[in-house]
Amino acid sequence: AQKVTQAQTEISVVEKEDVTLDCVYETRDTTYYLFWYKQPPSGELVFLIRRNSFDEQNEISGRYSWNFQKSTSSFNFTITASQVVDSAVYFCALSEAHGSGYSTLTFGKGTMLLVSP
Amino acid sequence: DGGITQSPKYLFRKEGQNVTLSCEQNLNHDAMYWYRQDPGQGLRLIYYSQIVNDFQKGDIAEGYSVSREKKESFPLTVTSAQKNPTAFYLCASTPPEASALVNTEAFFGQGTRLTVV
């Protein structure tokens, strides 16, 4: 069975600090996708990034960056110069292929990020 | 505006009652999903449907039922057999060009918070 582990339950930082959210995954699939979602207090999940298992290049989008390391089965997420608006729960997820040819997402338990002014 | 609409936002249920959560999308997506979120537990898959009149059980389907009579709609019924239904329920969908989440991200509704009173 596939598994996603987000060991950090809650992280508190002061605005402008950098923060890294860890994600470790387990899968037997050779082809898979990893995702990060943000869940603000409103509850809706907001898509941040999708990365396939063959692309280990790091990605940067504004203040966000992602470090995918297949050798350690990790897909960590860094927010540079954090802002109060970054306060949310962040979920890492892994695609799971089913025998029917379809896939679903396996989520980690989430990391709550609190950014104080 | 296209999107996923879940209703109601808050729902209260008496013990022993069945309740139905609504999920409607106007994105022309083929696949739809129901997830349950408990504090500190991440999201767990209840049911998913790839096409009309077909659906599959997820990891925690016991005590729940679904139907997919229309492409746009995927209602979830929480039956009296569900022993601990108090949770936050999220509906999601994926575009028609990908039958699997591996090719795209899932779009989520804003959720329904169900409380047993």
# chains A, B, ... in the order shown; residues from 1 in each chain; ligands from 1

$ residues_around --residues "B:Gln25" --least-positions-apart "3" --cutoff "8 Å" --atoms "only C-alpha atoms" --output "JSON, numbers by chain"
{"B": [2, 3, 4, 5, 28, 29, 72, 73, 93]}

$ write_last_selection --atoms "all heavy atoms" --output "PDB file, in the first residue's frame"
ATOM      1  N   GLY B   2     -17.016  28.399 -13.670  1.00  0.00           N
ATOM      2  CA  GLY B   2     -16.989  26.960 -13.505  1.00  0.00           C
ATOM      3  C   GLY B   2     -16.404  26.583 -12.170  1.00  0.00           C
ATOM      4  O   GLY B   2     -15.528  27.259 -11.644  1.00  0.00           O
ATOM      5  N   GLY B   3     -16.914  25.467 -11.645  1.00  0.00           N
ATOM      6  CA  GLY B   3     -16.367  25.016 -10.381  1.00  0.00           C
ATOM      7  C   GLY B   3     -17.156  23.871  -9.815  1.00  0.00           C
ATOM      8  O   GLY B   3     -18.020  23.280 -10.472  1.00  0.00           O
ATOM      9  N   ILE B   4     -16.821  23.537  -8.579  1.00  0.00           N
ATOM     10  CA  ILE B   4     -17.498  22.467  -7.856  1.00  0.00           C
ATOM     11  C   ILE B   4     -18.266  23.091  -6.700  1.00  0.00           C
ATOM     12  O   ILE B   4     -17.695  23.856  -5.920  1.00  0.00           O
ATOM     13  CB  ILE B   4     -16.486  21.439  -7.323  1.00  0.00           C
ATOM     14  CG1 ILE B   4     -15.689  20.831  -8.461  1.00  0.00           C
ATOM     15  CG2 ILE B   4     -17.205  20.352  -6.535  1.00  0.00           C
ATOM     16  CD1 ILE B   4     -14.618  19.866  -8.009  1.00  0.00           C
ATOM     17  N   THR B   5     -19.525  22.750  -6.604  1.00  0.00           N
ATOM     18  CA  THR B   5     -20.369  23.306  -5.552  1.00  0.00           C
ATOM     19  C   THR B   5     -20.814  22.198  -4.624  1.00  0.00           C
ATOM     20  O   THR B   5     -21.424  21.216  -5.054  1.00  0.00           O
ATOM     21  CB  THR B   5     -21.611  23.995  -6.145  1.00  0.00           C
ATOM     22  OG1 THR B   5     -21.193  25.040  -7.030  1.00  0.00           O
ATOM     23  CG2 THR B   5     -22.472  24.593  -5.046  1.00  0.00           C
ATOM     24  N   ASN B  28     -17.467  19.911 -16.720  1.00  0.00           N
ATOM     25  CA  ASN B  28     -17.463  18.822 -17.700  1.00  0.00           C
ATOM     26  C   ASN B  28     -16.420  17.760 -17.361  1.00  0.00           C
ATOM     27  O   ASN B  28     -15.849  17.128 -18.250  1.00  0.00           O
ATOM     28  CB  ASN B  28     -17.235  19.353 -19.124  1.00  0.00           C
ATOM     29  CG  ASN B  28     -17.614  18.314 -20.182  1.00  0.00           C
ATOM     30  OD1 ASN B  28     -18.550  17.532 -19.991  1.00  0.00           O
ATOM     31  ND2 ASN B  28     -16.897  18.297 -21.285  1.00  0.00           N
ATOM     32  N   HIS B  29     -16.172  17.566 -16.096  1.00  0.00           N
ATOM     33  CA  HIS B  29     -15.216  16.554 -15.668  1.00  0.00           C
ATOM     34  C   HIS B  29     -15.861  15.173 -15.624  1.00  0.00           C
ATOM     35  O   HIS B  29     -17.011  15.026 -15.222  1.00  0.00           O
ATOM     36  CB  HIS B  29     -14.679  16.903 -14.275  1.00  0.00           C
ATOM     37  CG  HIS B  29     -13.742  18.060 -14.283  1.00  0.00           C
ATOM     38  ND1 HIS B  29     -13.170  18.552 -13.131  1.00  0.00           N
ATOM     39  CD2 HIS B  29     -13.268  18.823 -15.288  1.00  0.00           C
ATOM     40  CE1 HIS B  29     -12.381  19.565 -13.442  1.00  0.00           C
ATOM     41  NE2 HIS B  29     -12.435  19.753 -14.738  1.00  0.00           N
ATOM     42  N   GLU B  72     -22.713  15.558 -13.961  1.00  0.00           N
ATOM     43  CA  GLU B  72     -22.464  16.739 -13.158  1.00  0.00           C
ATOM     44  C   GLU B  72     -22.609  16.499 -11.665  1.00  0.00           C
ATOM     45  O   GLU B  72     -22.189  17.328 -10.868  1.00  0.00           O
ATOM     46  CB  GLU B  72     -23.438  17.859 -13.557  1.00  0.00           C
ATOM     47  CG  GLU B  72     -23.364  18.275 -15.013  1.00  0.00           C
ATOM     48  CD  GLU B  72     -24.116  17.316 -15.925  1.00  0.00           C
ATOM     49  OE1 GLU B  72     -24.960  16.522 -15.424  1.00  0.00           O
ATOM     50  OE2 GLU B  72     -23.859  17.347 -17.131  1.00  0.00           O
ATOM     51  N   SER B  73     -23.219  15.394 -11.278  1.00  0.00           N
ATOM     52  CA  SER B  73     -23.621  15.236  -9.886  1.00  0.00           C
ATOM     53  C   SER B  73     -23.106  13.936  -9.283  1.00  0.00           C
ATOM     54  O   SER B  73     -23.180  12.871  -9.913  1.00  0.00           O
ATOM     55  CB  SER B  73     -25.156  15.283  -9.812  1.00  0.00           C
ATOM     56  OG  SER B  73     -25.598  15.093  -8.491  1.00  0.00           O
ATOM     57  N   SER B  93     -13.080  16.671  -8.484  1.00  0.00           N
ATOM     58  CA  SER B  93     -13.279  16.164  -9.833  1.00  0.00           C
ATOM     59  C   SER B  93     -12.013  16.391 -10.651  1.00  0.00           C
ATOM     60  O   SER B  93     -11.169  17.225 -10.286  1.00  0.00           O
ATOM     61  CB  SER B  93     -14.468  16.860 -10.509  1.00  0.00           C
ATOM     62  OG  SER B  93     -14.177  18.213 -10.771  1.00  0.00           O
TER      63      SER B  93
END

$ residues_around --residues "A:Val85" --least-positions-apart "5" --cutoff "12 Å" --atoms "only C-alpha atoms" --output "list in words"
Val14, Glu15, Lys16, Lys38, Gln39, Pro40, Pro41, Ile79, Leu113, Leu114, Val115, Ser116 and Pro117 of chain A

$ select_by_dssp --residues "stretch 32-92 of chain A" --states "helix (DSSP H, G or I)" --output "list in words"
Lys70, Ser71, Thr72, Val84, Val85 and Asp86 of chain A

$ write_last_selection --atoms "N, CA and C atoms" --output "mmCIF file, in the first residue's frame"
data_model
loop_
_atom_site.group_PDB
_atom_site.id
_atom_site.type_symbol
_atom_site.label_atom_id
_atom_site.label_comp_id
_atom_site.auth_asym_id
_atom_site.auth_seq_id
_atom_site.Cartn_x
_atom_site.Cartn_y
_atom_site.Cartn_z
ATOM 1 N N LYS A 70 14.271 11.474 -5.464
ATOM 2 C CA LYS A 70 13.788 10.101 -5.595
ATOM 3 C C LYS A 70 14.591 9.142 -4.726
ATOM 4 N N SER A 71 15.872 9.422 -4.541
ATOM 5 C CA SER A 71 16.734 8.517 -3.774
ATOM 6 C C SER A 71 16.300 8.405 -2.316
ATOM 7 N N THR A 72 15.700 9.465 -1.815
ATOM 8 C CA THR A 72 15.236 9.458 -0.425
ATOM 9 C C THR A 72 13.709 9.466 -0.338
ATOM 10 N N VAL A 84 1.968 36.180 6.423
ATOM 11 C CA VAL A 84 0.811 35.752 7.225
ATOM 12 C C VAL A 84 -0.203 34.993 6.369
ATOM 13 N N VAL A 85 -0.337 35.398 5.114
ATOM 14 C CA VAL A 85 -1.309 34.746 4.219
ATOM 15 C C VAL A 85 -0.925 33.313 3.875
ATOM 16 N N ASP A 86 0.307 32.930 4.215
ATOM 17 C CA ASP A 86 0.725 31.550 3.982
ATOM 18 C C ASP A 86 0.189 30.606 5.054
#

$ residues_around --residues "A:Ala1" --least-positions-apart "5" --cutoff "9 Å" --atoms "only C-alpha atoms" --output "PyMOL selection string"
chain A and resi 26-28+96

$ closest_residue --among "A:Leu94, A:Ile60, A:Leu34, A:Leu45" --to "B:Gly111" --atoms "only C-alpha atoms"
A:Leu45

$ interface_residues --of "chain A" --to "chain B" --cutoff "7 Å" --atoms "only C-alpha atoms" --output "list in words"
Tyr32, Tyr33, Gly43, Glu44, Leu45, Phe47, Ser95, Tyr102, Ser103, Thr104, Phe107, Gly108, Lys109 and Gly110 of chain A

$ write_last_selection --atoms "N, CA and C atoms" --output "PDB file, in the first residue's frame"
ATOM      1  N   TYR A  32       4.679   7.554 -11.060  1.00  0.00           N
ATOM      2  CA  TYR A  32       3.737   8.122 -10.094  1.00  0.00           C
ATOM      3  C   TYR A  32       3.859   9.637 -10.127  1.00  0.00           C
ATOM      4  N   TYR A  33       2.899  10.275  -9.500  1.00  0.00           N
ATOM      5  CA  TYR A  33       2.888  11.730  -9.416  1.00  0.00           C
ATOM      6  C   TYR A  33       2.754  12.164  -7.967  1.00  0.00           C
ATOM      7  N   GLY A  43     -11.344  26.057   3.876  1.00  0.00           N
ATOM      8  CA  GLY A  43     -11.558  24.626   3.712  1.00  0.00           C
ATOM      9  C   GLY A  43     -11.258  24.062   2.330  1.00  0.00           C
ATOM     10  N   GLU A  44     -11.361  24.886   1.308  1.00  0.00           N
ATOM     11  CA  GLU A  44     -11.139  24.377  -0.040  1.00  0.00           C
ATOM     12  C   GLU A  44      -9.669  24.063  -0.267  1.00  0.00           C
ATOM     13  N   LEU A  45      -9.370  22.981  -0.961  1.00  0.00           N
ATOM     14  CA  LEU A  45      -7.987  22.637  -1.263  1.00  0.00           C
ATOM     15  C   LEU A  45      -7.547  23.362  -2.535  1.00  0.00           C
ATOM     16  N   PHE A  47      -4.646  23.703  -5.366  1.00  0.00           N
ATOM     17  CA  PHE A  47      -3.537  23.002  -5.994  1.00  0.00           C
ATOM     18  C   PHE A  47      -2.316  23.908  -6.054  1.00  0.00           C
ATOM     19  N   SER A  95      -0.152   9.950  -6.208  1.00  0.00           N
ATOM     20  CA  SER A  95      -1.125   9.259  -7.047  1.00  0.00           C
ATOM     21  C   SER A  95      -0.988   7.760  -6.849  1.00  0.00           C
ATOM     22  N   TYR A 102      -7.340   3.464 -13.492  1.00  0.00           N
ATOM     23  CA  TYR A 102      -7.558   4.804 -12.968  1.00  0.00           C
ATOM     24  C   TYR A 102      -6.716   5.005 -11.725  1.00  0.00           C
ATOM     25  N   SER A 103      -6.615   6.253 -11.327  1.00  0.00           N
ATOM     26  CA  SER A 103      -5.800   6.579 -10.161  1.00  0.00           C
ATOM     27  C   SER A 103      -6.558   7.438  -9.183  1.00  0.00           C
ATOM     28  N   THR A 104      -6.162   7.351  -7.937  1.00  0.00           N
ATOM     29  CA  THR A 104      -6.683   8.223  -6.898  1.00  0.00           C
ATOM     30  C   THR A 104      -5.497   8.793  -6.131  1.00  0.00           C
ATOM     31  N   PHE A 107      -3.244  10.955   0.533  1.00  0.00           N
ATOM     32  CA  PHE A 107      -2.787  12.174   1.169  1.00  0.00           C
ATOM     33  C   PHE A 107      -1.993  11.887   2.442  1.00  0.00           C
ATOM     34  N   GLY A 108      -1.059  12.774   2.741  1.00  0.00           N
ATOM     35  CA  GLY A 108      -0.457  12.796   4.055  1.00  0.00           C
ATOM     36  C   GLY A 108      -1.428  13.434   5.038  1.00  0.00           C
ATOM     37  N   LYS A 109      -1.046  13.458   6.310  1.00  0.00           N
ATOM     38  CA  LYS A 109      -1.946  14.008   7.328  1.00  0.00           C
ATOM     39  C   LYS A 109      -1.919  15.527   7.398  1.00  0.00           C
ATOM     40  N   GLY A 110      -1.026  16.124   6.657  1.00  0.00           N
ATOM     41  CA  GLY A 110      -1.009  17.580   6.602  1.00  0.00           C
ATOM     42  C   GLY A 110      -0.103  18.213   7.626  1.00  0.00           C
TER      43      GLY A 110
END

$ select_by_dssp --residues "chain B" --states "strand (DSSP E)" --output "PyMOL selection string"
chain B and resi 4-7+10-13+19-25+31-38+42-51+54-57+64-66+76-78+87-94+107-108+112-116

$ closest_residue --among "B:Thr115, B:Asp30, B:Glu15, B:Gln56" --to "B:Thr94" --atoms "only C-alpha atoms"
B:Asp30

$ decode --residues "stretch 24-35 of chain B" --atoms "all heavy atoms" --output "compact mmCIF listing (two decimals), in the first residue's frame"
# COMPACT_ATOMS: atom_id res chain seq x y z
N GLU B 24 -21.97 19.13 -7.01
CA GLU B 24 -22.29 19.42 -8.41
C GLU B 24 -21.10 20.13 -9.05
O GLU B 24 -20.51 21.01 -8.44
CB GLU B 24 -23.52 20.34 -8.50
CG GLU B 24 -24.76 19.81 -7.83
CD GLU B 24 -25.51 18.82 -8.70
OE1 GLU B 24 -25.39 18.91 -9.94
OE2 GLU B 24 -26.22 17.96 -8.15
N GLN B 25 -20.77 19.73 -10.29
CA GLN B 25 -19.70 20.41 -11.01
C GLN B 25 -20.15 20.77 -12.42
O GLN B 25 -20.87 20.01 -13.05
CB GLN B 25 -18.43 19.55 -11.03
CG GLN B 25 -18.59 18.14 -11.56
CD GLN B 25 -18.21 17.94 -13.00
OE1 GLN B 25 -17.82 18.90 -13.70
NE2 GLN B 25 -18.30 16.71 -13.49
N ASN B 26 -19.74 21.93 -12.86
CA ASN B 26 -20.04 22.38 -14.23
C ASN B 26 -18.77 22.53 -15.05
O ASN B 26 -18.69 23.39 -15.93
CB ASN B 26 -20.84 23.69 -14.18
CG ASN B 26 -20.08 24.80 -13.48
OD1 ASN B 26 -18.92 24.63 -13.08
ND2 ASN B 26 -20.72 25.94 -13.32
N LEU B 27 -17.80 21.69 -14.73
CA LEU B 27 -16.50 21.73 -15.40
C LEU B 27 -16.40 20.69 -16.51
O LEU B 27 -15.35 20.56 -17.14
CB LEU B 27 -15.40 21.48 -14.36
CG LEU B 27 -15.34 22.50 -13.22
CD1 LEU B 27 -14.47 21.98 -12.08
CD2 LEU B 27 -14.81 23.83 -13.73
N ASN B 28 -17.47 19.91 -16.72
CA ASN B 28 -17.46 18.82 -17.70
C ASN B 28 -16.42 17.76 -17.36
O ASN B 28 -15.85 17.13 -18.25
CB ASN B 28 -17.24 19.35 -19.12
CG ASN B 28 -17.61 18.31 -20.18
OD1 ASN B 28 -18.55 17.53 -19.99
ND2 ASN B 28 -16.90 18.30 -21.29
N HIS B 29 -16.17 17.57 -16.10
CA HIS B 29 -15.22 16.55 -15.67
C HIS B 29 -15.86 15.17 -15.62
O HIS B 29 -17.01 15.03 -15.22
CB HIS B 29 -14.68 16.90 -14.28
CG HIS B 29 -13.74 18.06 -14.28
ND1 HIS B 29 -13.17 18.55 -13.13
CD2 HIS B 29 -13.27 18.82 -15.29
CE1 HIS B 29 -12.38 19.56 -13.44
NE2 HIS B 29 -12.43 19.75 -14.74
N ASP B 30 -15.08 14.18 -16.04
CA ASP B 30 -15.59 12.82 -16.01
C ASP B 30 -15.54 12.21 -14.61
O ASP B 30 -16.48 11.57 -14.16
CB ASP B 30 -14.76 11.92 -16.95
CG ASP B 30 -15.07 12.20 -18.41
OD1 ASP B 30 -16.21 12.57 -18.70
OD2 ASP B 30 -14.17 12.04 -19.24
N ALA B 31 -14.42 12.37 -13.95
CA ALA B 31 -14.20 11.68 -12.68
C ALA B 31 -14.55 12.57 -11.50
O ALA B 31 -14.27 13.77 -11.49
CB ALA B 31 -12.74 11.25 -12.57
N MET B 32 -15.18 11.97 -10.51
CA MET B 32 -15.52 12.68 -9.27
C MET B 32 -15.17 11.82 -8.08
O MET B 32 -15.15 10.58 -8.17
CB MET B 32 -17.00 13.07 -9.26
CG MET B 32 -17.36 14.02 -10.40
SD MET B 32 -19.06 14.62 -10.32
CE MET B 32 -18.97 15.79 -8.95
N TYR B 33 -14.88 12.48 -6.96
CA TYR B 33 -14.36 11.80 -5.77
C TYR B 33 -14.97 12.39 -4.51
O TYR B 33 -15.28 13.59 -4.46
CB TYR B 33 -12.84 11.98 -5.68
CG TYR B 33 -12.08 11.67 -6.94
CD1 TYR B 33 -12.04 12.57 -7.99
CD2 TYR B 33 -11.38 10.47 -7.07
CE1 TYR B 33 -11.34 12.29 -9.15
CE2 TYR B 33 -10.68 10.18 -8.23
CZ TYR B 33 -10.66 11.10 -9.27
OH TYR B 33 -9.96 10.80 -10.42
N TRP B 34 -15.08 11.55 -3.48
CA TRP B 34 -15.45 12.03 -2.16
C TRP B 34 -14.34 11.65 -1.17
O TRP B 34 -13.89 10.49 -1.12
CB TRP B 34 -16.76 11.39 -1.67
CG TRP B 34 -17.97 12.12 -2.13
CD1 TRP B 34 -18.85 11.76 -3.11
CD2 TRP B 34 -18.46 13.36 -1.60
NE1 TRP B 34 -19.86 12.68 -3.22
CE2 TRP B 34 -19.64 13.67 -2.30
CE3 TRP B 34 -18.03 14.23 -0.59
CZ2 TRP B 34 -20.39 14.83 -2.03
CZ3 TRP B 34 -18.77 15.36 -0.33
CH2 TRP B 34 -19.93 15.65 -1.05
N TYR B 35 -13.93 12.66 -0.40
CA TYR B 35 -12.94 12.45 0.65
C TYR B 35 -13.51 12.89 1.99
O TYR B 35 -14.32 13.81 2.07
CB TYR B 35 -11.68 13.30 0.39
CG TYR B 35 -10.81 12.79 -0.74
CD1 TYR B 35 -11.02 13.22 -2.05
CD2 TYR B 35 -9.78 11.90 -0.50
CE1 TYR B 35 -10.22 12.76 -3.08
CE2 TYR B 35 -8.97 11.44 -1.52
CZ TYR B 35 -9.20 11.88 -2.81
OH TYR B 35 -8.40 11.42 -3.82
